[in-house]
2 protein chains.
Amino acid sequence: MPFKDILQTMVDSVEGAVGAVVMGYDGIAIDEFVKKENPFDLQLLTAEYAAVLKEVKGTVEVLKSGLLQEVSINTELSTAIARVINEDFFVLLVITGGGNFGKGRFYLRREAPKLAEALQ
Amino acid sequence: MPFKDILQTMVDSVEGAVGAVVMGYDGIAIDEFVKKENPFDLQLLTAEYAAVLKEVKGTVEVLKSGLLQEVSINTELSTAIARVINEDFFVLLVITGGGNFGKGRFYLRREAPKLAEALQ
């Protein structure tokens, strides 16, 4: 399964990135890559972001804004960018403060189709 | 109240922007500016985004990621960027597909402190 390679390439290529996970709206992680030197509670993160993404997906449907593509959440300390892969899964990239948000978005946009293919 | 001027400047300056609203996490809009030629159901939008932002705020607190600053939601047809003003309010900018996301974020970052001041 090529997930880990794709996720590692993304994390290694984006300044400030500390981890990436392919997960479902149900909170189940398919695979992930986390930098050893920046450990964080991935299970808690995936559970929390699954709930947020589900809420956003529902809102987008009510507002008839078309298919959801990406959600980003910026806080003082970090940025999380979720890129939709398909109807059931998305890839979440976590970047710590000051990292390269634009590059993160770019890599996610570029890699999402490869992840979609790997999920078939 | 200077809100409308600030919101109008933002909407007029960002290519693709169709409206902006200052609102609370409770869904109540303080003020808004919407382009006449691109009407949309602002009441529905504010209700839906208040729910999303509340969910995100809760998640950020659980994950201890520091204060929430910005949330963006990109779909096929539009992008909504919410910039936190203070503990109770945020400003939401709606940009239709292909508009200038980066400029939208820039203006929101720049104008949020002025809106915070006007809210005191």
# chains A, B, ... in the order shown; residues from 1 in each chain; ligands from 1

call {"tool": "calpha_fit_and_write", "arguments": {"fixed": "chain A", "moving": "chain B", "output": "tab-separated table (two decimals) with N, CA and C atoms, in the first residue's frame"}}
result
chain	number	residue	atom	x	y	z
B	1	MET	N	0.88	-1.19	0.04
B	1	MET	CA	0.02	0.00	0.02
B	1	MET	C	0.89	1.24	0.00
B	2	PRO	N	0.69	2.06	-0.98
B	2	PRO	CA	1.58	3.21	-1.19
B	2	PRO	C	1.27	4.41	-0.30
B	3	PHE	N	0.27	4.31	0.55
B	3	PHE	CA	-0.12	5.47	1.35
B	3	PHE	C	1.05	6.10	2.10
B	4	LYS	N	1.74	5.26	2.86
B	4	LYS	CA	2.79	5.80	3.74
B	4	LYS	C	3.83	6.59	2.95
B	5	ASP	N	4.20	6.10	1.76
B	5	ASP	CA	5.18	6.81	0.95
B	5	ASP	C	4.67	8.18	0.55
B	6	ILE	N	3.42	8.21	0.07
B	6	ILE	CA	2.82	9.48	-0.35
B	6	ILE	C	2.74	10.44	0.84
B	7	LEU	N	2.30	9.93	1.98
B	7	LEU	CA	2.17	10.78	3.16
B	7	LEU	C	3.53	11.27	3.63
B	8	GLN	N	4.52	10.39	3.60
B	8	GLN	CA	5.86	10.79	4.03
B	8	GLN	C	6.45	11.84	3.11
B	9	THR	N	6.26	11.66	1.80
B	9	THR	CA	6.77	12.65	0.84
B	9	THR	C	6.17	14.02	1.14
B	10	MET	N	4.86	14.03	1.41
B	10	MET	CA	4.16	15.27	1.71
B	10	MET	C	4.74	15.92	2.96
B	11	VAL	N	4.86	15.14	4.02
B	11	VAL	CA	5.33	15.68	5.30
B	11	VAL	C	6.78	16.15	5.18
B	12	ASP	N	7.61	15.39	4.45
B	12	ASP	CA	9.01	15.77	4.29
B	12	ASP	C	9.18	17.01	3.41
B	13	SER	N	8.22	17.22	2.50
B	13	SER	CA	8.36	18.32	1.53
B	13	SER	C	7.81	19.64	2.03
B	14	VAL	N	6.95	19.60	3.03
B	14	VAL	CA	6.30	20.84	3.49
B	14	VAL	C	6.95	21.30	4.79
B	15	GLU	N	7.55	22.46	4.74
B	15	GLU	CA	8.23	23.01	5.93
B	15	GLU	C	7.22	23.13	7.07
B	16	GLY	N	7.58	22.62	8.22
B	16	GLY	CA	6.70	22.71	9.39
B	16	GLY	C	5.72	21.55	9.53
B	17	ALA	N	5.58	20.73	8.48
B	17	ALA	CA	4.64	19.62	8.56
B	17	ALA	C	5.13	18.60	9.58
B	18	VAL	N	4.21	18.07	10.38
B	18	VAL	CA	4.59	17.09	11.41
B	18	VAL	C	3.90	15.75	11.23
B	19	GLY	N	2.83	15.73	10.43
B	19	GLY	CA	2.17	14.44	10.24
B	19	GLY	C	1.05	14.54	9.23
B	20	ALA	N	0.69	13.39	8.68
B	20	ALA	CA	-0.42	13.32	7.73
B	20	ALA	C	-1.13	12.00	7.94
B	21	VAL	N	-2.45	12.02	7.76
B	21	VAL	CA	-3.22	10.79	7.96
B	21	VAL	C	-4.35	10.73	6.93
B	22	VAL	N	-4.54	9.52	6.38
B	22	VAL	CA	-5.69	9.28	5.51
B	22	VAL	C	-6.76	8.67	6.40
B	23	MET	N	-7.92	9.28	6.43
B	23	MET	CA	-8.95	8.83	7.35
B	23	MET	C	-10.34	8.99	6.79
B	24	GLY	N	-11.27	8.30	7.45
B	24	GLY	CA	-12.67	8.39	7.04
B	24	GLY	C	-13.44	9.34	7.91
B	25	TYR	N	-14.62	9.73	7.42
B	25	TYR	CA	-15.49	10.61	8.19
B	25	TYR	C	-15.96	9.94	9.47
B	26	ASP	N	-15.76	8.62	9.53
B	26	ASP	CA	-16.13	7.86	10.74
B	26	ASP	C	-15.02	7.89	11.79
B	27	GLY	N	-13.91	8.57	11.47
B	27	GLY	CA	-12.83	8.69	12.45
B	27	GLY	C	-11.79	7.60	12.38
B	28	ILE	N	-11.99	6.63	11.47
B	28	ILE	CA	-11.03	5.53	11.37
B	28	ILE	C	-9.88	5.93	10.44
B	29	ALA	N	-8.65	5.80	10.95
B	29	ALA	CA	-7.48	6.13	10.15
B	29	ALA	C	-7.08	4.91	9.31
B	30	ILE	N	-6.83	5.15	8.01
B	30	ILE	CA	-6.39	4.09	7.10
B	30	ILE	C	-4.87	3.92	7.24
B	31	ASP	N	-4.16	5.02	7.19
B	31	ASP	CA	-2.71	5.01	7.35
B	31	ASP	C	-2.25	6.41	7.72
B	32	GLU	N	-1.03	6.46	8.24
B	32	GLU	CA	-0.54	7.78	8.64
B	32	GLU	C	0.98	7.81	8.60
B	33	PHE	N	1.53	9.03	8.57
B	33	PHE	CA	2.96	9.22	8.75
B	33	PHE	C	3.14	10.40	9.70
B	34	VAL	N	3.84	10.14	10.79
B	34	VAL	CA	4.07	11.19	11.79
B	34	VAL	C	5.57	11.29	12.04
B	35	LYS	N	6.09	12.49	12.06
B	35	LYS	CA	7.53	12.68	12.32
B	35	LYS	C	7.84	12.27	13.76
B	36	LYS	N	8.87	11.44	13.93
B	36	LYS	CA	9.20	10.93	15.27
B	36	LYS	C	9.48	12.05	16.26
B	37	GLU	N	10.11	13.11	15.75
B	37	GLU	CA	10.52	14.17	16.67
B	37	GLU	C	9.37	15.10	17.08
B	38	ASN	N	8.20	14.96	16.43
B	38	ASN	CA	7.04	15.78	16.80
B	38	ASN	C	5.82	14.90	17.10
B	39	PRO	N	5.88	14.08	18.14
B	39	PRO	CA	4.76	13.18	18.39
B	39	PRO	C	3.52	13.96	18.83
B	40	PHE	N	2.35	13.52	18.40
B	40	PHE	CA	1.12	14.12	18.92
B	40	PHE	C	0.06	13.03	18.97
B	41	ASP	N	-0.98	13.26	19.68
B	41	ASP	CA	-2.02	12.24	19.89
B	41	ASP	C	-2.86	12.10	18.62
B	42	LEU	N	-2.40	11.22	17.74
B	42	LEU	CA	-3.06	11.08	16.45
B	42	LEU	C	-4.48	10.55	16.58
B	43	GLN	N	-4.69	9.66	17.52
B	43	GLN	CA	-6.02	9.06	17.69
B	43	GLN	C	-7.05	10.13	18.08
B	44	LEU	N	-6.64	10.99	19.00
B	44	LEU	CA	-7.53	12.07	19.43
B	44	LEU	C	-7.78	13.03	18.27
B	45	LEU	N	-6.73	13.34	17.56
B	45	LEU	CA	-6.82	14.25	16.42
B	45	LEU	C	-7.79	13.73	15.36
B	46	THR	N	-7.65	12.45	15.01
B	46	THR	CA	-8.51	11.88	13.96
B	46	THR	C	-9.96	11.85	14.42
B	47	ALA	N	-10.19	11.51	15.69
B	47	ALA	CA	-11.56	11.49	16.19
B	47	ALA	C	-12.17	12.89	16.12
B	48	GLU	N	-11.41	13.88	16.57
B	48	GLU	CA	-11.93	15.25	16.59
B	48	GLU	C	-12.17	15.79	15.19
B	49	TYR	N	-11.20	15.59	14.30
B	49	TYR	CA	-11.35	16.14	12.95
B	49	TYR	C	-12.43	15.41	12.14
B	50	ALA	N	-12.63	14.13	12.41
B	50	ALA	CA	-13.72	13.43	11.73
B	50	ALA	C	-15.05	14.12	12.05
B	51	ALA	N	-15.24	14.48	13.32
B	51	ALA	CA	-16.47	15.14	13.73
B	51	ALA	C	-16.63	16.50	13.03
B	52	VAL	N	-15.54	17.24	12.96
B	52	VAL	CA	-15.58	18.55	12.30
B	52	VAL	C	-15.89	18.40	10.82
B	53	LEU	N	-15.18	17.49	10.17
B	53	LEU	CA	-15.38	17.32	8.74
B	53	LEU	C	-16.79	16.85	8.40
B	54	LYS	N	-17.35	16.02	9.27
B	54	LYS	CA	-18.71	15.56	9.04
B	54	LYS	C	-19.67	16.75	9.13
B	55	GLU	N	-19.44	17.61	10.10
B	55	GLU	CA	-20.28	18.80	10.28
B	55	GLU	C	-20.17	19.71	9.05
B	56	VAL	N	-18.94	19.90	8.58
B	56	VAL	CA	-18.73	20.77	7.41
B	56	VAL	C	-19.40	20.18	6.18
B	57	LYS	N	-19.25	18.88	5.99
B	57	LYS	CA	-19.83	18.21	4.83
B	57	LYS	C	-21.35	18.41	4.82
B	58	GLY	N	-21.96	18.25	6.00
B	58	GLY	CA	-23.41	18.45	6.12
B	58	GLY	C	-23.81	19.87	5.76
B	59	THR	N	-23.03	20.84	6.25
B	59	THR	CA	-23.31	22.25	5.97
B	59	THR	C	-23.22	22.55	4.48
B	60	VAL	N	-22.19	22.05	3.85
B	60	VAL	CA	-21.98	22.27	2.42
B	60	VAL	C	-23.15	21.70	1.61
B	61	GLU	N	-23.68	20.56	2.06
B	61	GLU	CA	-24.83	19.96	1.38
B	61	GLU	C	-26.08	20.83	1.55
B	62	VAL	N	-26.31	21.31	2.76
B	62	VAL	CA	-27.47	22.19	3.01
B	62	VAL	C	-27.37	23.46	2.18
B	63	LEU	N	-26.17	24.03	2.08
B	63	LEU	CA	-25.98	25.28	1.35
B	63	LEU	C	-25.86	25.09	-0.16
B	64	LYS	N	-25.84	23.85	-0.59
B	64	LYS	CA	-25.73	23.51	-2.01
B	64	LYS	C	-24.52	24.21	-2.66
B	65	SER	N	-23.39	24.14	-1.99
B	65	SER	CA	-22.19	24.81	-2.51
B	65	SER	C	-21.36	23.91	-3.41
B	66	GLY	N	-21.89	22.77	-3.78
B	66	GLY	CA	-21.10	21.85	-4.58
B	66	GLY	C	-20.29	20.93	-3.67
B	67	LEU	N	-19.48	20.09	-4.27
B	67	LEU	CA	-18.72	19.11	-3.48
B	67	LEU	C	-17.66	19.78	-2.62
B	68	LEU	N	-17.53	19.30	-1.39
B	68	LEU	CA	-16.49	19.78	-0.50
B	68	LEU	C	-15.13	19.35	-1.04
B	69	GLN	N	-14.16	20.27	-1.01
B	69	GLN	CA	-12.83	19.95	-1.52
B	69	GLN	C	-11.76	20.02	-0.44
B	70	GLU	N	-11.84	21.05	0.38
B	70	GLU	CA	-10.78	21.25	1.36
B	70	GLU	C	-11.28	22.08	2.53
B	71	VAL	N	-10.75	21.76	3.72
B	71	VAL	CA	-11.06	22.53	4.92
B	71	VAL	C	-9.74	22.82	5.61
B	72	SER	N	-9.51	24.07	6.00
B	72	SER	CA	-8.30	24.32	6.77
B	72	SER	C	-8.65	25.05	8.05
B	73	ILE	N	-7.94	24.68	9.10
B	73	ILE	CA	-8.19	25.22	10.43
B	73	ILE	C	-6.87	25.75	10.97
B	74	ASN	N	-6.79	27.07	11.10
B	74	ASN	CA	-5.54	27.70	11.56
B	74	ASN	C	-5.70	28.17	13.00
B	75	THR	N	-4.76	27.75	13.85
B	75	THR	CA	-4.76	28.24	15.23
B	75	THR	C	-3.41	28.90	15.49
B	76	GLU	N	-3.25	29.41	16.70
B	76	GLU	CA	-1.97	30.04	17.09
B	76	GLU	C	-0.80	29.09	16.87
B	77	LEU	N	-1.03	27.82	17.21
B	77	LEU	CA	0.09	26.87	17.27
B	77	LEU	C	0.24	25.99	16.04
B	78	SER	N	-0.82	25.81	15.27
B	78	SER	CA	-0.72	24.89	14.14
B	78	SER	C	-1.79	25.14	13.09
B	79	THR	N	-1.64	24.45	11.98
B	79	THR	CA	-2.62	24.49	10.90
B	79	THR	C	-2.92	23.07	10.50
B	80	ALA	N	-4.20	22.76	10.37
B	80	ALA	CA	-4.59	21.45	9.87
B	80	ALA	C	-5.32	21.67	8.55
B	81	ILE	N	-4.89	20.97	7.51
B	81	ILE	CA	-5.56	21.07	6.22
B	81	ILE	C	-6.10	19.70	5.88
B	82	ALA	N	-7.40	19.64	5.61
B	82	ALA	CA	-8.03	18.38	5.21
B	82	ALA	C	-8.40	18.49	3.74
B	83	ARG	N	-7.91	17.56	2.93
B	83	ARG	CA	-8.24	17.54	1.51
B	83	ARG	C	-9.13	16.32	1.25
B	84	VAL	N	-10.29	16.54	0.65
B	84	VAL	CA	-11.20	15.42	0.39
B	84	VAL	C	-10.61	14.53	-0.70
B	85	ILE	N	-10.61	13.23	-0.46
B	85	ILE	CA	-10.12	12.26	-1.44
B	85	ILE	C	-11.29	11.73	-2.25
B	86	ASN	N	-12.32	11.28	-1.54
B	86	ASN	CA	-13.54	10.82	-2.20
B	86	ASN	C	-14.69	10.94	-1.20
B	87	GLU	N	-15.81	10.29	-1.51
B	87	GLU	CA	-17.00	10.43	-0.66
B	87	GLU	C	-16.80	10.02	0.79
B	88	ASP	N	-15.87	9.10	1.02
B	88	ASP	CA	-15.73	8.53	2.37
B	88	ASP	C	-14.44	8.92	3.09
B	89	PHE	N	-13.44	9.37	2.35
B	89	PHE	CA	-12.13	9.60	2.95
B	89	PHE	C	-11.54	10.97	2.64
B	90	PHE	N	-10.68	11.41	3.56
B	90	PHE	CA	-9.93	12.63	3.32
B	90	PHE	C	-8.53	12.45	3.89
B	91	VAL	N	-7.62	13.33	3.46
B	91	VAL	CA	-6.26	13.29	3.97
B	91	VAL	C	-6.04	14.57	4.76
B	92	LEU	N	-5.51	14.41	5.96
B	92	LEU	CA	-5.30	15.52	6.87
B	92	LEU	C	-3.80	15.75	7.02
B	93	LEU	N	-3.36	16.98	6.82
B	93	LEU	CA	-1.96	17.34	6.98
B	93	LEU	C	-1.86	18.33	8.14
B	94	VAL	N	-0.96	18.06	9.08
B	94	VAL	CA	-0.80	18.94	10.24
B	94	VAL	C	0.54	19.66	10.13
B	95	ILE	N	0.48	20.98	10.21
B	95	ILE	CA	1.68	21.82	10.09
B	95	ILE	C	1.78	22.67	11.34
B	96	THR	N	2.94	22.69	11.97
B	96	THR	CA	3.05	23.53	13.16
B	96	THR	C	3.31	24.98	12.75
B	97	GLY	N	3.00	25.87	13.68
B	97	GLY	CA	3.00	27.30	13.46
B	97	GLY	C	4.17	27.81	12.60
B	98	GLY	N	3.87	28.68	11.65
B	98	GLY	CA	4.92	29.26	10.82
B	98	GLY	C	5.33	28.39	9.64
B	99	GLY	N	4.73	27.21	9.55
B	99	GLY	CA	5.06	26.33	8.43
B	99	GLY	C	4.46	26.83	7.12
B	100	ASN	N	4.70	26.09	6.06
B	100	ASN	CA	4.31	26.56	4.73
B	100	ASN	C	2.91	26.09	4.33
B	101	PHE	N	1.93	26.93	4.65
B	101	PHE	CA	0.52	26.63	4.40
B	101	PHE	C	0.25	26.44	2.91
B	102	GLY	N	0.75	27.35	2.11
B	102	GLY	CA	0.53	27.28	0.67
B	102	GLY	C	1.08	26.00	0.06
B	103	LYS	N	2.28	25.62	0.50
B	103	LYS	CA	2.89	24.41	-0.03
B	103	LYS	C	2.10	23.18	0.43
B	104	GLY	N	1.62	23.25	1.65
B	104	GLY	CA	0.80	22.15	2.18
B	104	GLY	C	-0.44	21.94	1.31
B	105	ARG	N	-1.11	23.04	0.96
B	105	ARG	CA	-2.32	22.95	0.12
B	105	ARG	C	-1.96	22.40	-1.26
B	106	PHE	N	-0.84	22.87	-1.78
B	106	PHE	CA	-0.40	22.43	-3.11
B	106	PHE	C	-0.16	20.92	-3.14
B	107	TYR	N	0.60	20.42	-2.16
B	107	TYR	CA	0.90	18.99	-2.14
B	107	TYR	C	-0.34	18.15	-1.94
B	108	LEU	N	-1.26	18.63	-1.10
B	108	LEU	CA	-2.51	17.89	-0.86
B	108	LEU	C	-3.32	17.81	-2.14
B	109	ARG	N	-3.40	18.92	-2.87
B	109	ARG	CA	-4.17	18.95	-4.11
B	109	ARG	C	-3.57	17.99	-5.12
B	110	ARG	N	-2.24	17.95	-5.11
B	110	ARG	CA	-1.54	17.12	-6.09
B	110	ARG	C	-1.62	15.64	-5.76
B	111	GLU	N	-1.54	15.32	-4.47
B	111	GLU	CA	-1.49	13.92	-4.07
B	111	GLU	C	-2.85	13.26	-3.87
B	112	ALA	N	-3.89	14.07	-3.67
B	112	ALA	CA	-5.21	13.49	-3.40
B	112	ALA	C	-5.67	12.49	-4.47
B	113	PRO	N	-5.49	12.79	-5.78
B	113	PRO	CA	-5.91	11.81	-6.80
B	113	PRO	C	-5.16	10.49	-6.69
B	114	LYS	N	-3.86	10.54	-6.33
B	114	LYS	CA	-3.08	9.29	-6.18
B	114	LYS	C	-3.64	8.49	-5.01
B	115	LEU	N	-4.01	9.19	-3.94
B	115	LEU	CA	-4.59	8.51	-2.78
B	115	LEU	C	-5.96	7.92	-3.14
B	116	ALA	N	-6.72	8.63	-3.95
B	116	ALA	CA	-8.03	8.13	-4.38
B	116	ALA	C	-7.86	6.83	-5.15
B	117	GLU	N	-6.84	6.80	-6.01
B	117	GLU	CA	-6.57	5.61	-6.81
B	117	GLU	C	-6.16	4.46	-5.93
B	118	ALA	N	-5.30	4.73	-4.95
B	118	ALA	CA	-4.83	3.69	-4.04
B	118	ALA	C	-5.97	3.13	-3.18
B	119	LEU	N	-7.03	3.93	-3.01
B	119	LEU	CA	-8.16	3.49	-2.18
B	119	LEU	C	-9.16	2.63	-2.94
B	120	GLN	N	-8.97	2.52	-4.27
B	120	GLN	CA	-9.96	1.75	-5.04
B	120	GLN	C	-9.77	0.25	-4.94

call {"tool": "select_by_dssp", "arguments": {"residues": "segment 38-87 of chain B", "states": "strand (DSSP E or B)", "output": "PyMOL selection string"}}
result
chain B and resi 68-75+78-84

call {"tool": "select_by_dssp", "arguments": {"residues": "chain B", "states": "alpha helix (DSSP H)", "output": "VMD selection string"}}
result
chain B and resid 3 to 13 42 to 62 101 to 118

call {"tool": "decode", "arguments": {"residues": "segment 25-91 of chain A", "atoms": "C-alpha atoms", "output": "PDB file, in the first residue's frame"}}
result
ATOM      1  CA  TYR A  25     -15.484  10.624   8.197  1.00  0.00           C
ATOM      2  CA  ASP A  26     -16.128   7.875  10.724  1.00  0.00           C
ATOM      3  CA  GLY A  27     -12.844   8.688  12.454  1.00  0.00           C
ATOM      4  CA  ILE A  28     -11.026   5.540  11.367  1.00  0.00           C
ATOM      5  CA  ALA A  29      -7.470   6.140  10.157  1.00  0.00           C
ATOM      6  CA  ILE A  30      -6.380   4.107   7.119  1.00  0.00           C
ATOM      7  CA  ASP A  31      -2.714   5.022   7.353  1.00  0.00           C
ATOM      8  CA  GLU A  32      -0.532   7.797   8.635  1.00  0.00           C
ATOM      9  CA  PHE A  33       2.953   9.230   8.754  1.00  0.00           C
ATOM     10  CA  VAL A  34       4.077  11.194  11.790  1.00  0.00           C
ATOM     11  CA  LYS A  35       7.531  12.691  12.313  1.00  0.00           C
ATOM     12  CA  LYS A  36       9.196  10.916  15.250  1.00  0.00           C
ATOM     13  CA  GLU A  37      10.526  14.162  16.678  1.00  0.00           C
ATOM     14  CA  ASN A  38       7.046  15.758  16.800  1.00  0.00           C
ATOM     15  CA  PRO A  39       4.759  13.163  18.379  1.00  0.00           C
ATOM     16  CA  PHE A  40       1.119  14.111  18.916  1.00  0.00           C
ATOM     17  CA  ASP A  41      -2.021  12.241  19.894  1.00  0.00           C
ATOM     18  CA  LEU A  42      -3.062  11.074  16.449  1.00  0.00           C
ATOM     19  CA  GLN A  43      -6.038   9.053  17.683  1.00  0.00           C
ATOM     20  CA  LEU A  44      -7.535  12.075  19.430  1.00  0.00           C
ATOM     21  CA  LEU A  45      -6.822  14.261  16.414  1.00  0.00           C
ATOM     22  CA  THR A  46      -8.498  11.886  13.958  1.00  0.00           C
ATOM     23  CA  ALA A  47     -11.566  11.483  16.193  1.00  0.00           C
ATOM     24  CA  GLU A  48     -11.935  15.246  16.585  1.00  0.00           C
ATOM     25  CA  TYR A  49     -11.354  16.133  12.961  1.00  0.00           C
ATOM     26  CA  ALA A  50     -13.710  13.430  11.727  1.00  0.00           C
ATOM     27  CA  ALA A  51     -16.488  15.127  13.713  1.00  0.00           C
ATOM     28  CA  VAL A  52     -15.583  18.548  12.311  1.00  0.00           C
ATOM     29  CA  LEU A  53     -15.382  17.309   8.739  1.00  0.00           C
ATOM     30  CA  LYS A  54     -18.722  15.557   9.039  1.00  0.00           C
ATOM     31  CA  GLU A  55     -20.285  18.804  10.276  1.00  0.00           C
ATOM     32  CA  VAL A  56     -18.727  20.760   7.407  1.00  0.00           C
ATOM     33  CA  LYS A  57     -19.829  18.191   4.827  1.00  0.00           C
ATOM     34  CA  GLY A  58     -23.406  18.449   6.117  1.00  0.00           C
ATOM     35  CA  THR A  59     -23.315  22.258   5.964  1.00  0.00           C
ATOM     36  CA  VAL A  60     -21.991  22.267   2.415  1.00  0.00           C
ATOM     37  CA  GLU A  61     -24.839  19.963   1.375  1.00  0.00           C
ATOM     38  CA  VAL A  62     -27.484  22.193   3.014  1.00  0.00           C
ATOM     39  CA  LEU A  63     -25.990  25.289   1.351  1.00  0.00           C
ATOM     40  CA  LYS A  64     -25.752  23.506  -2.027  1.00  0.00           C
ATOM     41  CA  SER A  65     -22.196  24.809  -2.494  1.00  0.00           C
ATOM     42  CA  GLY A  66     -21.103  21.852  -4.578  1.00  0.00           C
ATOM     43  CA  LEU A  67     -18.724  19.115  -3.476  1.00  0.00           C
ATOM     44  CA  LEU A  68     -16.480  19.780  -0.504  1.00  0.00           C
ATOM     45  CA  GLN A  69     -12.824  19.951  -1.519  1.00  0.00           C
ATOM     46  CA  GLU A  70     -10.786  21.268   1.367  1.00  0.00           C
ATOM     47  CA  VAL A  71     -11.057  22.535   4.926  1.00  0.00           C
ATOM     48  CA  SER A  72      -8.301  24.320   6.771  1.00  0.00           C
ATOM     49  CA  ILE A  73      -8.196  25.223  10.435  1.00  0.00           C
ATOM     50  CA  ASN A  74      -5.547  27.704  11.563  1.00  0.00           C
ATOM     51  CA  THR A  75      -4.769  28.227  15.230  1.00  0.00           C
ATOM     52  CA  GLU A  76      -1.988  30.033  17.085  1.00  0.00           C
ATOM     53  CA  LEU A  77       0.080  26.883  17.259  1.00  0.00           C
ATOM     54  CA  SER A  78      -0.723  24.882  14.147  1.00  0.00           C
ATOM     55  CA  THR A  79      -2.623  24.496  10.906  1.00  0.00           C
ATOM     56  CA  ALA A  80      -4.583  21.448   9.870  1.00  0.00           C
ATOM     57  CA  ILE A  81      -5.558  21.074   6.222  1.00  0.00           C
ATOM     58  CA  ALA A  82      -8.021  18.385   5.209  1.00  0.00           C
ATOM     59  CA  ARG A  83      -8.255  17.537   1.510  1.00  0.00           C
ATOM     60  CA  VAL A  84     -11.200  15.416   0.382  1.00  0.00           C
ATOM     61  CA  ILE A  85     -10.124  12.267  -1.441  1.00  0.00           C
ATOM     62  CA  ASN A  86     -13.553  10.822  -2.194  1.00  0.00           C
ATOM     63  CA  GLU A  87     -17.000  10.430  -0.659  1.00  0.00           C
ATOM     64  CA  ASP A  88     -15.726   8.536   2.364  1.00  0.00           C
ATOM     65  CA  PHE A  89     -12.133   9.603   2.944  1.00  0.00           C
ATOM     66  CA  PHE A  90      -9.929  12.621   3.307  1.00  0.00           C
ATOM     67  CA  VAL A  91      -6.261  13.298   3.972  1.00  0.00           C
TER      68      VAL A  91
END
